[in-house]
Structure formats: C-alpha cells, structure tokens
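*Asks:* query24.cif is reproduced below (mmCIF, C-alpha atoms and all ligand atoms).
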```
data_my_file
loop_
_atom_site.label_atom_id
_atom_site.label_comp_id
_atom_site.auth_asym_id
_atom_site.auth_seq_id
_atom_site.Cartn_x
_atom_site.Cartn_y
_atom_site.Cartn_z
CA LYS A 1 3.77 142.16 115.87
CA VAL A 2 7.17 143.66 115.14
CA ARG A 3 8.65 145.30 118.23
CA ARG A 4 9.13 149.01 118.06
CA PRO A 5 11.16 151.04 117.38
CA CYS A 6 12.19 148.82 114.52
CA ARG A 7 14.72 149.25 111.80
CA VAL A 8 13.35 148.70 108.36
CA MET A 9 15.32 148.38 105.15
CA ILE A 10 13.25 149.67 102.26
CA LEU A 11 14.44 148.56 98.84
CA VAL A 12 13.10 150.65 95.96
CA ASN A 13 13.36 149.65 92.30
CA PRO A 14 13.31 153.03 90.53
CA HIS A 15 12.47 151.39 87.20
CA SER A 16 9.48 149.34 88.35
CA GLY A 17 5.99 150.20 87.17
CA ARG A 18 5.90 153.52 85.40
CA GLY A 19 9.28 154.39 86.85
CA GLN A 20 7.66 156.29 89.69
CA ALA A 21 8.31 154.05 92.68
CA LEU A 22 10.67 156.54 94.30
CA GLN A 23 8.26 159.46 93.78
CA LEU A 24 5.40 157.36 95.17
CA PHE A 25 7.53 156.57 98.19
CA THR A 26 8.43 160.16 98.95
CA GLY A 27 4.94 161.39 98.12
CA HIS A 28 2.82 158.85 100.00
CA VAL A 29 4.81 156.61 102.34
CA GLN A 30 7.66 158.64 103.78
CA GLY A 31 5.33 160.94 105.76
CA MET A 32 3.38 158.01 107.20
CA LEU A 33 6.55 156.33 108.42
CA THR A 34 7.76 159.55 110.00
CA GLU A 35 4.41 160.11 111.73
CA ALA A 36 4.47 156.53 113.00
CA SER A 37 8.10 156.89 114.17
CA VAL A 38 9.31 153.96 112.09
CA PRO A 39 13.02 154.40 111.39
CA TYR A 40 14.04 153.15 107.98
CA THR A 41 16.94 153.10 105.58
CA LEU A 42 16.19 153.60 101.91
CA VAL A 43 18.15 151.55 99.38
CA ILE A 44 17.63 152.30 95.71
CA THR A 45 18.46 149.28 93.57
CA GLU A 46 20.92 149.95 90.78
CA HIS A 47 20.48 146.86 88.67
CA GLN A 48 18.68 143.54 88.47
CA ASN A 49 19.78 141.16 91.28
CA HIS A 50 21.23 144.03 93.32
CA ALA A 51 18.64 143.37 96.04
CA ARG A 52 19.24 139.63 95.87
CA GLU A 53 23.00 140.04 96.39
CA LEU A 54 22.56 142.61 99.11
CA VAL A 55 20.14 140.43 101.08
CA ARG A 56 22.35 137.38 100.63
CA LYS A 57 25.23 139.14 102.40
CA ALA A 58 23.40 141.47 104.78
CA ASP A 59 23.88 141.35 108.54
CA LEU A 60 20.26 140.53 109.29
CA SER A 61 20.65 141.21 113.00
CA GLN A 62 20.67 144.89 111.95
CA TRP A 63 17.18 144.73 110.46
CA ASP A 64 13.75 144.01 111.86
CA ALA A 65 12.07 143.95 108.48
CA LEU A 66 12.95 144.05 104.80
CA VAL A 67 10.42 145.92 102.72
CA ILE A 68 10.35 146.29 98.97
CA MET A 69 8.74 149.12 97.05
CA SER A 70 8.38 147.73 93.54
CA GLY A 71 6.43 144.96 91.86
CA ASP A 72 6.52 141.27 92.72
CA GLY A 73 9.85 140.83 90.89
CA LEU A 74 11.85 142.60 93.56
CA LEU A 75 10.33 140.51 96.36
CA PHE A 76 11.22 137.41 94.34
CA GLU A 77 14.85 138.62 94.42
CA VAL A 78 14.74 139.23 98.17
CA ILE A 79 13.18 135.86 99.02
CA ASN A 80 15.65 133.98 96.84
CA GLY A 81 18.52 136.01 98.28
CA LEU A 82 17.44 134.95 101.79
CA MET A 83 17.07 131.32 100.70
CA ASP A 84 20.57 131.39 99.13
CA ARG A 85 22.11 131.94 102.54
CA GLU A 86 23.64 129.22 104.65
CA ASP A 87 21.50 130.41 107.56
CA TRP A 88 18.36 130.41 105.36
CA GLN A 89 16.19 128.80 108.01
CA GLU A 90 16.68 131.75 110.28
CA ALA A 91 17.05 134.34 107.51
CA ILE A 92 13.68 133.55 105.94
CA GLN A 93 11.98 134.35 109.26
CA THR A 94 12.86 138.02 108.76
CA PRO A 95 9.57 139.89 108.36
CA LEU A 96 9.11 141.00 104.77
CA GLY A 97 6.87 143.70 103.45
CA ILE A 98 5.68 144.94 100.11
CA LEU A 99 4.64 148.41 99.05
CA PRO A 100 3.11 148.32 95.57
CA GLY A 101 5.26 150.37 93.23
CA GLY A 102 5.39 148.09 90.21
CA SER A 103 3.11 147.27 87.34
CA GLY A 104 2.51 143.77 88.72
CA ASN A 105 1.55 144.08 92.40
CA ALA A 106 -0.13 140.73 92.93
CA LEU A 107 1.06 139.99 96.44
CA ALA A 108 0.26 143.49 97.67
CA ALA A 109 -3.31 143.12 96.37
CA SER A 110 -3.72 139.56 97.68
CA GLY A 111 -5.56 139.20 100.91
CA TYR A 112 -7.75 142.25 100.26
CA LYS A 113 -11.28 141.72 98.99
CA SER A 114 -11.27 145.29 97.90
CA TRP A 115 -9.41 148.35 98.97
CA ASN A 116 -11.26 151.60 99.39
CA GLU A 117 -8.37 153.96 99.08
CA GLU A 118 -5.12 153.52 97.28
CA LEU A 119 -3.63 150.06 97.70
CA LEU A 120 -0.33 151.77 98.48
CA LEU A 121 -1.83 153.55 101.47
CA SER A 122 -3.36 150.33 102.83
CA CYS A 123 0.02 148.61 102.60
CA GLY A 124 1.78 151.62 104.14
CA PHE A 125 -0.68 151.53 107.03
CA ILE A 126 -0.02 147.83 107.67
CA LEU A 127 3.70 148.53 107.62
CA CYS A 128 3.33 151.34 110.16
CA LYS A 129 1.28 149.04 112.41
CA GLY A 130 3.96 146.32 112.06
CA LEU A 131 1.38 143.62 111.36
CA VAL A 132 2.91 140.27 110.44
CA GLY A 133 1.40 137.10 109.02
CA SER A 134 2.75 133.96 107.41
CA LEU A 135 3.19 133.27 103.73
CA ASP A 136 3.56 130.00 101.84
CA LEU A 137 6.63 129.46 99.73
CA VAL A 138 6.83 126.90 96.97
CA SER A 139 10.12 125.33 96.01
CA ILE A 140 10.57 124.83 92.28
CA HIS A 141 13.11 122.60 90.61
CA LEU A 142 14.14 123.45 87.09
CA ALA A 143 15.44 120.93 84.57
CA SER A 144 19.01 122.17 85.11
CA GLN A 145 18.76 121.18 88.80
CA GLN A 146 18.48 124.83 89.77
CA ARG A 147 16.05 125.32 92.64
CA LEU A 148 14.20 128.49 93.37
CA PHE A 149 11.54 129.72 95.73
CA SER A 150 8.27 131.20 94.68
CA PHE A 151 5.58 133.05 96.65
CA LEU A 152 3.13 133.79 93.87
CA SER A 153 2.89 131.74 90.71
CA LEU A 154 4.27 129.39 88.12
CA ALA A 155 2.92 130.14 84.67
CA TRP A 156 3.29 128.68 81.21
CA GLY A 157 1.53 129.50 77.97
CA PHE A 158 -0.83 132.44 77.60
CA VAL A 159 -0.31 133.98 81.05
CA ALA A 160 3.49 133.72 80.93
CA ASP A 161 3.61 135.13 77.40
CA VAL A 162 1.41 138.08 78.32
CA ASP A 163 3.48 138.79 81.41
CA ILE A 164 6.78 138.90 79.53
CA GLU A 165 5.52 140.46 76.28
CA SER A 166 3.70 143.23 78.15
CA GLU A 167 6.90 144.40 79.87
CA LYS A 168 7.40 146.74 76.96
CA TYR A 169 4.19 148.54 77.95
CA ARG A 170 5.46 148.92 81.54
CA HIS A 171 5.05 152.72 81.34
CA VAL A 172 1.23 152.40 81.29
CA GLY A 173 1.17 150.62 84.66
CA ALA A 174 -1.14 147.73 85.53
CA ILE A 175 -3.13 148.18 82.31
CA ARG A 176 -0.17 146.52 80.57
CA PHE A 177 -1.68 143.11 81.32
CA LEU A 178 -4.96 143.97 79.56
CA MET A 179 -3.07 145.34 76.56
CA GLY A 180 -0.84 142.27 76.50
CA THR A 181 -3.90 140.01 76.74
CA LEU A 182 -5.51 141.64 73.70
CA VAL A 183 -2.30 141.42 71.65
CA ARG A 184 -1.75 137.75 72.61
CA LEU A 185 -5.40 136.89 71.88
CA ALA A 186 -4.85 138.07 68.32
CA SER A 187 -2.03 135.52 67.96
CA LEU A 188 -3.46 132.83 70.22
CA ARG A 189 -1.44 129.62 70.14
CA VAL A 190 -1.46 126.14 71.63
CA TYR A 191 1.33 124.91 73.88
CA GLN A 192 2.19 121.21 73.99
CA GLY A 193 3.29 119.46 77.13
CA ARG A 194 2.47 117.07 79.93
CA LEU A 195 0.98 118.02 83.25
CA ALA A 196 0.59 115.88 86.37
CA TYR A 197 -0.28 116.78 89.92
CA LEU A 198 -0.79 115.43 93.41
CA PRO A 199 -4.35 116.39 94.37
CA VAL A 200 -5.18 117.62 97.86
CA MET A 201 -7.23 115.12 99.85
CA GLU A 202 -9.88 116.23 102.32
CA ALA A 203 -7.95 114.69 105.20
CA ASP A 204 -4.59 116.24 104.31
CA GLY A 205 -3.20 118.38 107.07
CA LYS A 206 -1.14 121.42 106.36
CA THR A 207 2.49 120.79 105.54
CA ILE A 208 4.82 122.64 107.82
CA ALA A 209 8.25 121.68 106.57
CA LEU A 210 9.96 121.83 103.22
CA VAL A 211 8.77 118.57 101.72
CA ASP A 212 10.58 118.09 98.47
CA SER A 213 10.31 114.41 99.32
CA LEU A 214 6.85 114.48 97.70
CA LEU A 215 8.64 114.85 94.42
CA PRO A 216 9.75 111.95 92.36
CA GLY A 217 13.02 112.71 90.53
CA LEU A 218 12.40 114.48 87.23
CA ASP A 219 13.68 111.36 85.45
CA GLN A 220 11.19 109.12 87.31
CA PRO A 221 7.55 108.61 86.35
CA VAL A 222 5.03 110.24 88.70
CA PRO A 223 3.67 107.96 91.48
CA GLU A 224 0.22 106.36 91.27
CA SER A 225 -1.27 108.80 93.75
CA TRP A 226 -0.73 111.55 91.15
CA THR A 227 -3.25 112.56 88.50
CA VAL A 228 -1.90 112.69 84.97
CA VAL A 229 -3.82 115.16 82.80
CA LYS A 230 -5.01 113.43 79.63
CA GLU A 231 -4.78 116.49 77.43
CA GLU A 232 -1.40 117.55 76.16
CA ASP A 233 -2.52 120.65 74.25
CA PHE A 234 -2.90 123.70 76.47
CA VAL A 235 -3.58 127.38 76.13
CA LEU A 236 -2.30 128.05 79.62
CA VAL A 237 -1.17 126.41 82.83
CA LEU A 238 -1.10 128.53 85.96
CA ALA A 239 -0.21 127.44 89.48
CA ILE A 240 -0.93 130.26 91.92
CA TYR A 241 -0.77 130.42 95.72
CA GLN A 242 -2.12 133.91 96.39
CA SER A 243 -5.55 135.31 95.66
CA HIS A 244 -4.45 137.82 93.00
CA LEU A 245 -2.44 137.36 89.83
CA ALA A 246 -2.36 141.13 89.39
CA GLU A 247 -4.04 144.06 91.12
CA ASP A 248 -7.19 143.60 89.05
CA LEU A 249 -7.08 139.82 88.55
CA TRP A 250 -8.81 138.07 91.45
CA THR A 251 -7.78 134.59 90.37
CA VAL A 252 -8.44 132.59 93.55
CA PRO A 253 -11.08 134.32 95.66
CA GLY A 254 -10.71 131.80 98.51
CA ALA A 255 -6.91 131.69 98.65
CA MET A 256 -5.16 132.56 101.89
CA ALA A 257 -1.49 133.50 102.03
CA ASP A 258 -0.72 130.49 104.19
CA ASP A 259 -3.33 127.88 103.22
CA GLY A 260 -0.60 125.46 102.16
CA LEU A 261 -2.24 124.99 98.76
CA ILE A 262 -1.22 125.35 95.16
CA HIS A 263 -4.24 126.47 93.14
CA LEU A 264 -3.78 124.90 89.72
CA PHE A 265 -5.65 126.25 86.70
CA TYR A 266 -5.33 125.09 83.16
CA VAL A 267 -7.10 125.90 79.94
CA THR A 268 -7.10 123.26 77.24
CA ALA A 269 -6.81 123.88 73.51
CA GLY A 270 -9.99 124.54 71.57
CA ILE A 271 -11.21 127.51 73.59
CA SER A 272 -12.36 130.36 71.38
CA ARG A 273 -10.82 133.82 71.59
CA PRO A 274 -14.04 135.41 72.91
CA ALA A 275 -14.38 132.69 75.58
CA LEU A 276 -10.80 133.23 76.73
CA LEU A 277 -11.28 136.99 76.86
CA ARG A 278 -14.48 136.47 78.84
CA LEU A 279 -12.54 134.44 81.41
CA PHE A 280 -10.01 137.20 81.97
CA LEU A 281 -12.67 139.89 82.15
CA ALA A 282 -14.66 137.80 84.64
CA MET A 283 -11.50 137.31 86.69
CA GLU A 284 -11.56 140.99 87.66
CA LYS A 285 -14.54 140.11 89.84
CA GLY A 286 -13.34 136.62 90.68
CA ALA A 287 -16.19 135.19 88.58
CA HIS A 288 -14.27 133.16 85.97
CA LEU A 289 -15.09 129.78 87.51
CA ALA A 290 -18.78 130.63 87.26
CA CYS A 291 -18.47 131.14 83.47
CA GLY A 292 -19.11 127.43 82.92
CA CYS A 293 -16.22 127.25 80.47
CA PRO A 294 -15.55 123.57 79.65
CA HIS A 295 -11.92 124.30 78.79
CA LEU A 296 -11.05 125.73 82.20
CA VAL A 297 -10.03 123.29 84.93
CA TYR A 298 -9.27 124.19 88.55
CA GLU A 299 -7.73 121.84 91.11
CA LYS A 300 -6.20 122.32 94.54
CA VAL A 301 -2.91 120.46 94.54
CA LYS A 302 0.10 119.80 96.74
CA ALA A 303 2.65 119.28 94.00
CA LEU A 304 2.80 119.32 90.23
CA ARG A 305 5.03 118.51 87.35
CA LEU A 306 4.99 120.41 84.10
CA GLU A 307 6.88 119.11 81.09
CA PRO A 308 6.53 121.36 78.08
CA THR A 309 7.26 119.60 74.81
CA SER A 310 6.79 122.58 72.51
CA PRO A 311 10.33 123.47 71.46
CA GLN A 312 9.97 127.09 72.47
CA GLY A 313 8.11 128.94 75.13
CA VAL A 314 8.18 131.03 78.23
CA ILE A 315 7.83 129.92 81.83
CA THR A 316 7.55 132.51 84.56
CA VAL A 317 7.91 132.21 88.30
CA ASP A 318 6.41 135.12 90.23
CA GLY A 319 6.24 137.01 86.93
CA GLU A 320 9.96 136.56 86.22
CA MET A 321 11.14 134.52 83.25
CA VAL A 322 12.99 131.33 84.19
CA GLU A 323 14.70 128.65 82.18
CA TYR A 324 12.28 126.92 79.80
CA GLY A 325 11.97 123.19 80.24
CA ARG A 326 10.67 120.59 82.59
CA ASN A 327 10.06 121.72 86.11
CA HIS A 328 7.89 120.91 89.04
CA ALA A 329 6.68 122.36 92.27
CA PRO A 330 6.15 120.42 95.48
CA CYS A 331 4.12 121.46 98.50
CA PRO A 332 3.94 125.07 99.38
CA THR A 333 5.66 125.37 102.69
CA VAL A 334 4.90 127.74 105.49
CA LEU A 335 8.33 129.12 106.04
CA HIS A 336 8.21 132.73 106.75
CA GLN A 337 6.50 135.82 107.88
CA ALA A 338 5.42 138.63 105.65
CA ALA A 339 4.81 142.06 107.03
CA ASN A 340 2.16 142.91 104.51
CA LEU A 341 -0.51 140.41 105.46
P1 LIG B 1 7.21 145.49 87.77
O1 LIG B 1 5.98 145.08 88.50
O2 LIG B 1 7.05 146.86 87.24
O3 LIG B 1 7.58 144.47 86.75
P2 LIG B 1 9.31 144.39 89.43
O4 LIG B 1 9.55 144.62 90.87
O5 LIG B 1 8.69 143.08 89.08
O6 LIG B 1 8.41 145.57 88.85
O7 LIG B 1 10.69 144.57 88.72
C1 LIG B 1 10.90 144.31 87.36
C2 LIG B 1 12.30 143.75 87.14
O8 LIG B 1 13.30 144.72 87.44
C3 LIG B 1 12.62 142.56 88.01
O9 LIG B 1 13.18 141.56 87.17
C4 LIG B 1 13.67 143.07 88.98
O10 LIG B 1 14.54 142.04 89.35
C5 LIG B 1 14.39 144.10 88.14
N1 LIG B 1 15.11 145.15 88.84
C6 LIG B 1 15.19 145.44 90.16
N2 LIG B 1 15.91 146.57 90.38
C7 LIG B 1 16.31 147.02 89.16
C8 LIG B 1 17.06 148.14 88.70
N3 LIG B 1 17.55 149.04 89.55
N4 LIG B 1 17.23 148.28 87.38
C9 LIG B 1 16.72 147.41 86.51
N5 LIG B 1 15.99 146.32 86.87
C10 LIG B 1 15.79 146.13 88.18
MG MG B 2 7.37 142.19 87.64
#
```
Turn the structure described in the file into structure tokens.
Ligand code: ADP
Ligand code: MG
*Replies:*
Amino acid sequence: KVRRPCRVMILVNPHSGRGQALQLFTGHVQGMLTEASVPYTLVITEHQNHARELVRKADLSQWDALVIMSGDGLLFEVINGLMDREDWQEAIQTPLGILPGGSGNALAASGYKSWNEELLLSCGFILCKGLVGSLDLVSIHLASQQRLFSFLSLAWGFVADVDIESEKYRHVGAIRFLMGTLVRLASLRVYQGRLAYLPVMEADGKTIALVDSLLPGLDQPVPESWTVVKEEDFVLVLAIYQSHLAEDLWTVPGAMADDGLIHLFYVTAGISRPALLRLFLAMEKGAHLACGCPHLVYEKVKALRLEPTSPQGVITVDGEMVEYGRNHAPCPTVLHQAANL
C-alpha cells in the first residue's frame, strides 16, 4: 500500500484514443482524486518519447507513483525510461499506474474478469486506494543489439499488422481493432520465419531475477532443451504476459500479472478466413482455445526466439512498432510494482 499523502505524477497523452484522454481525466478522475485527498501533478505529453525522457531524468524521490492516462504505449515509454536509468534497479520499483485513456488499454483491462462500470472508474478507484501489486517484465533483444522491456506482448504477423494498420482508425476508439481485423482478413497473408521456445516445466519455480542467461546468443543455435517449431509458415505469433490483448480481447483467461510466464500463441498457415475470424470473436469471451482450431497452438514458455525470414513485416512490442528482424525474449522477470493491479 502506498503511504499517504502521496505525490503522484500523472502523465496524459492528449492524442491517445479518440483524443479525449484529458477530457476523460478532468471529467471522471480529477474529482475522485480530490475526494480521496491524493495530491497529483498533471503532465501533458507534447510528443512521442516525451514521457520516456522525462522519467529517465526525473528526481524519483519526489514521486510516490507514476501514473499514465493513455493507452499501453505511454506506459511502455515510462517503463523503458525507468530501465534506461543507471539506478534502474531502484527506479523500476516506483509504483506505476494506468488509467485507460487510449484505444489499446490492455494492461488496464488485465486482471479483471469483467468490470461492471466503466473500466476507467475501476482503475481510478484502485489508484485512490493506493493498491499495489507486482508485474512481470520481459526483456527483449533486437537484432541490432538494442534491448527493451515489455510488460504486455510481442507480436508478429496478423496481430502486429492489425495493431499498426488500425492506428489510422484511432478516432473510433477500441473498435479500431475489430475494423483492422476485418480489413486484414480481406488481405490475409502468410509470414515466413522460425520460432523456438523454452517450454515451462511443471517443476520450474518462478524466476525472480533478470535471467538473460537463459538466452543463447542470437548467432548461436538454440540449446537442446528448447522446442523448435516445425512449421515455418505462420499467420501470427503472439507472446503475451497479461490476460488481455485489448479491452475486449481476453487472450489468456488464466494469466496473472506476475505469474512469471510468457503465454505463446501461434497460428500456422492454412487457416481459413472464417476460422481466423471465429478465433478473434471467441477471444472476446476467452473461448478461442475451446474452438478446437487445429492451426492454433498455445504453450507456456520461459523464453523464445523469433526469426522472421519474410523480407518485410511488422513486429510490435506492447503495441508499439519495433525494428523488424530477429529477436527473442527470455524469462519474464518480476521486477516492479504496478499501482493498477
Ligand atoms: P493508444 O492506445 O491510443 O494507441 P498510446 O498510449 O499507445 O495510445 O499512445 C500512442 C502513441 O503516442 C505511442 O507511441 C506514444 O508513445 C505516443 N505519444 C505519447 N505522447 C504523445 C504526444 N503528446 N503526441 C504524439 N504522440 C504521443
Ligand atoms: Mg497504443
């Protein structure tokens, strides 16, 4: 529990979602915080990476929590800004919070089975109560040696394409993913690449330190304990570590924010358009694994390596586009506290 009175920095991305994050804040959250006597400072981001730079340099002793009011993309900036710091081990312990103001509010929705009222009000309530839980972070190495930290997902193929292509429908809110799905289905394609992973064994305990040591160098073959997926033609690969991929996509009903697991899904080539659509529609109720679709595979893993061989494509981390190429993700690591869980 965060001690009170606490000082909260609230970062708002005015362009997230339908461009209404600031209005949603003043209309729904501001009054709650005042009633609960939570002092806060509002920071409106002016450009992409503004929050990342600010958090990288901030005097964190001044703040008891950093809260973002946006979609997952702004939290991705904040987490990577904290991890950029020399004192990252301490910095990442700063309680973080999320108030859904974007079009992709996966983390805010994760952890709820359902929310009766507005999701925003539930998250505002948790913020006022100062409830804190822990959250897994996954470290991802890109082919260029760049390393970044992810709290939500690594996606390639259909899911990544929909996420990026649907940004142009941002003004419609969360429905953008359904629209993007329908457009992408019409031009369904196959993505070539290699996928390997380290499966979770029954006896595995939870990892509690950053264990990049599980990873063979990207130039090395994967160890024998890894499973190499036979297929090399995919429709999508999705590694996710929260229960929701979006507000209305309940991708991993059993996932906990700090279960130390990467939930790996992939869909192999050959799936029909109606079958793929059925999977996404079933996902709203968390029922996609019960569809009996032979092209869908689900594994709990500790690490994975993805090597796309298609010359072009999109890879997203937490819904943000990253460099396309080989990359891999080791164990999720319980590193920090999130105020929204
Ligand atoms: P949404 O869910 O609507 O996509 P996000 O929080 O994911 O909302 O933000 C979308 C993108 O906007 C992210 O890449 C984020 O880094 C970027 N961003 C943050 N602040 C600003 C700003 N002031 N202007 C433009 N882009 C911003
Ligand atoms: Mg986003």
*Asks:* When you count only C-alpha atoms, which of these residues is closest to A:Thr41: A:Leu60, A:Gly27, A:Phe151, A:Leu66?
*Replies:*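 Residue with the minimum atom-to-atom distance to A:Thr41: A:Leu66.
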*Asks:* Tell me, in Å to one decimal, how far atom CA of A:Gly17 is from atom CA of A:Val159.
*Replies:* 18.4 Å
*Asks:* Quick one: pull the distance between atom CA of A:Leu74 and atom CA of A:Val322, Å, one decimal.
*Replies:*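 Computed distance, atom CA of A:Leu74 to atom CA of A:Val322, equals 14.7 Å.
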*Asks:* Pull the closest atom pair for each residue of chain A that gets at most 9 Å from ligand LIG 1 (chain B), along with the distance in Å to one decimal, counting all atoms listed in the file, ordering rows by chain and then ascending residue number, as a tab-separated table.
*Replies:*
```
residue	atom	partner	partner_atom	distance
A:Leu11	CA	B:LIG1	N2	8.8
A:Val12	CA	B:LIG1	N2	7.5
A:Asn13	CA	B:LIG1	N2	4.4
A:Pro14	CA	B:LIG1	N3	5.9
A:His15	CA	B:LIG1	N4	5.7
A:Ser16	CA	B:LIG1	O2	3.6
A:Gly17	CA	B:LIG1	O2	3.5
A:Arg18	CA	B:LIG1	O2	7.0
A:Gly19	CA	B:LIG1	O2	7.9
A:Ile44	CA	B:LIG1	N3	7.0
A:Thr45	CA	B:LIG1	N3	4.1
A:Glu46	CA	B:LIG1	N3	3.7
A:His47	CA	B:LIG1	C8	3.7
A:Gln48	CA	B:LIG1	C10	3.9
A:Asn49	CA	B:LIG1	O10	5.7
A:His50	CA	B:LIG1	N2	6.6
A:Ala51	CA	B:LIG1	N2	7.1
A:Arg52	CA	B:LIG1	O10	8.4
A:Ile68	CA	B:LIG1	O4	8.3
A:Met69	CA	B:LIG1	O4	7.7
A:Ser70	CA	B:LIG1	O4	4.3
A:Gly71	CA	B:LIG1	O4	3.3
A:Asp72	CA	B:LIG1	O5	4.6
A:Gly73	CA	B:LIG1	O5	3.1
A:Leu74	CA	B:LIG1	O4	4.1
A:Leu75	CA	B:LIG1	O4	6.9
A:Phe76	CA	B:LIG1	O10	7.6
A:Glu77	CA	B:LIG1	O10	6.1
A:Pro100	CA	B:LIG1	O1	8.3
A:Gly101	CA	B:LIG1	O1	7.1
A:Gly102	CA	B:LIG1	O1	3.5
A:Ser103	CA	B:LIG1	O1	3.8
A:Gly104	CA	B:LIG1	O1	3.7
A:Asn105	CA	B:LIG1	O1	6.0
A:Ala106	CA	B:LIG1	O1	8.7
A:Asp163	CA	B:LIG1	O3	8.8
A:Glu167	CA	B:LIG1	O3	6.9
A:Arg170	CA	B:LIG1	O2	6.3
A:His171	CA	B:LIG1	O2	8.6
A:Gly173	CA	B:LIG1	O2	7.4
A:Ala174	CA	B:LIG1	O1	8.2
A:Asp318	CA	B:LIG1	O5	8.4
A:Gly319	CA	B:LIG1	O5	6.9
A:Glu320	CA	B:LIG1	O9	6.0
A:Met321	CA	B:LIG1	O9	8.3
```
*Asks:* Quick one: of A:Gln62, A:Gln242, A:Thr94, A:Thr227, who's nearest to A:Val138, counting only C-alpha atoms?
*Replies:* A:Gln242
*Asks:* Which residue is closest to A:Ala109? Choose from A:Pro223, A:Gly157, A:Pro39, A:Pro253 and count all atoms listed in the file.
*Replies:*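 Of the candidates, the smallest distance to A:Ala109 is held by A:Pro253.
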*Asks:* Measuring atom to atom with only C-alpha atoms and all ligand atoms, identify which of A:Leu249, A:Leu304, A:Leu127, A:Ala160 is nearest to ligand MG 2 (chain B).
*Replies:*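 Under the stated criterion, the closest residue is A:Ala160.
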*Asks:* May I have the protein, DNA and RNA residues with an atom at most 12 Å from (-1.2, 124.7, 92.7), counting only C-alpha atoms in the file's coordinates, returned as a ChimeraX atom specification?
*Replies:* /A:136-140,150-155,195-200,237-243,252,255,259-266,297-306,328-332
*Asks:* Please provide the set of residues having any atom within 9 Å of A:Leu121, restricted to all atoms listed in the file, with same-chain residues fewer than 2 positions apart removed, written as an MDAnalysis selection string.
*Replies:* chainID A and resid 28:29 32 99 117:119 123:126
*Asks:* Rounded to one decimal, what separation in Å do you get between atom CA of A:Leu82 and atom CA of A:Ala65?
*Replies:*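 Spanning atom CA of A:Leu82 to atom CA of A:Ala65 is a straight-line distance of 12.4 Å.
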*Asks:* Kindly indicate which residue among A:Gln145, A:Gln20, A:Ser166, A:Thr268 lies nearest to ligand MG 2 (chain B), using only C-alpha atoms and all ligand atoms for the distances.
*Replies:*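 Answer, going by the shortest atom-to-atom distance: A:Ser166.
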*Asks:* Tell me which protein, DNA and RNA residues are within 8 Å of A:Ala269, counting only C-alpha atoms, leaving out same-chain ones fewer than 6 positions away, and put them as a PDB file with C-alpha atoms, in the frame of the given file.
*Replies:*
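The new file selection19.pdb reads:
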```pdb
ATOM      1  CA  VAL A 190      -1.460 126.140  71.630  1.00  0.00           C
ATOM      2  CA  ASP A 233      -2.520 120.650  74.250  1.00  0.00           C
ATOM      3  CA  PHE A 234      -2.900 123.700  76.470  1.00  0.00           C
ATOM      4  CA  VAL A 235      -3.580 127.380  76.130  1.00  0.00           C
ATOM      5  CA  HIS A 295     -11.920 124.300  78.790  1.00  0.00           C
TER       6      HIS A 295
END
```
*Asks:* Give me, as a PyMOL selection string, all polymer residues having an atom no more than 7 Å from A:Glu232, counting all atoms listed in the file and skipping those fewer than 5 positions away in the same chain.
*Replies:* chain A and resi 192-194
*Asks:* Around all of stretch 89-92 of chain A's listed atoms, make the axis-aligned box with 5 Å on each side and tell me centre and edge lengths in Å to one decimal, as JSON.
*Replies:*
```
{"center_x": 15.4, "center_y": 131.6, "center_z": 108.1, "size_x": 13.4, "size_y": 15.5, "size_z": 14.3}
```
*Asks:* Could you model N, CA and C atoms for stretch 50-63 of chain A and present them as a short mmCIF file (atom, residue, chain, number, x, y, z; two decimals), keeping the file's coordinate frame?
*Replies:*
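Below you can see rebuild09.cif, which holds the result:
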```cif
data_model
loop_
_atom_site.label_atom_id
_atom_site.label_comp_id
_atom_site.auth_asym_id
_atom_site.auth_seq_id
_atom_site.Cartn_x
_atom_site.Cartn_y
_atom_site.Cartn_z
N HIS A 50 20.58 143.23 92.29
CA HIS A 50 21.23 144.03 93.32
C HIS A 50 20.62 143.68 94.69
N ALA A 51 19.31 143.67 94.77
CA ALA A 51 18.64 143.37 96.04
C ALA A 51 18.95 141.94 96.48
N ARG A 52 18.97 141.03 95.53
CA ARG A 52 19.24 139.63 95.87
C ARG A 52 20.62 139.49 96.50
N GLU A 53 21.63 140.13 95.88
CA GLU A 53 23.00 140.04 96.39
C GLU A 53 23.12 140.73 97.74
N LEU A 54 22.48 141.86 97.87
CA LEU A 54 22.56 142.61 99.11
C LEU A 54 21.97 141.81 100.29
N VAL A 55 20.83 141.19 100.03
CA VAL A 55 20.14 140.43 101.08
C VAL A 55 20.91 139.15 101.42
N ARG A 56 21.57 138.61 100.41
CA ARG A 56 22.35 137.38 100.63
C ARG A 56 23.48 137.63 101.62
N LYS A 57 24.04 138.85 101.57
CA LYS A 57 25.23 139.14 102.40
C LYS A 57 24.91 139.98 103.63
N ALA A 58 23.70 140.48 103.72
CA ALA A 58 23.40 141.47 104.78
C ALA A 58 23.54 140.87 106.18
N ASP A 59 23.91 141.73 107.13
CA ASP A 59 23.88 141.35 108.54
C ASP A 59 22.44 141.52 109.00
N LEU A 60 21.70 140.42 109.05
CA LEU A 60 20.26 140.53 109.29
C LEU A 60 19.93 140.91 110.72
N SER A 61 20.92 140.80 111.61
CA SER A 61 20.65 141.21 113.00
C SER A 61 20.44 142.74 113.06
N GLN A 62 20.85 143.43 112.00
CA GLN A 62 20.67 144.89 111.95
C GLN A 62 19.25 145.30 111.55
N TRP A 63 18.47 144.35 111.06
CA TRP A 63 17.18 144.73 110.46
C TRP A 63 16.03 143.96 111.07
#
```
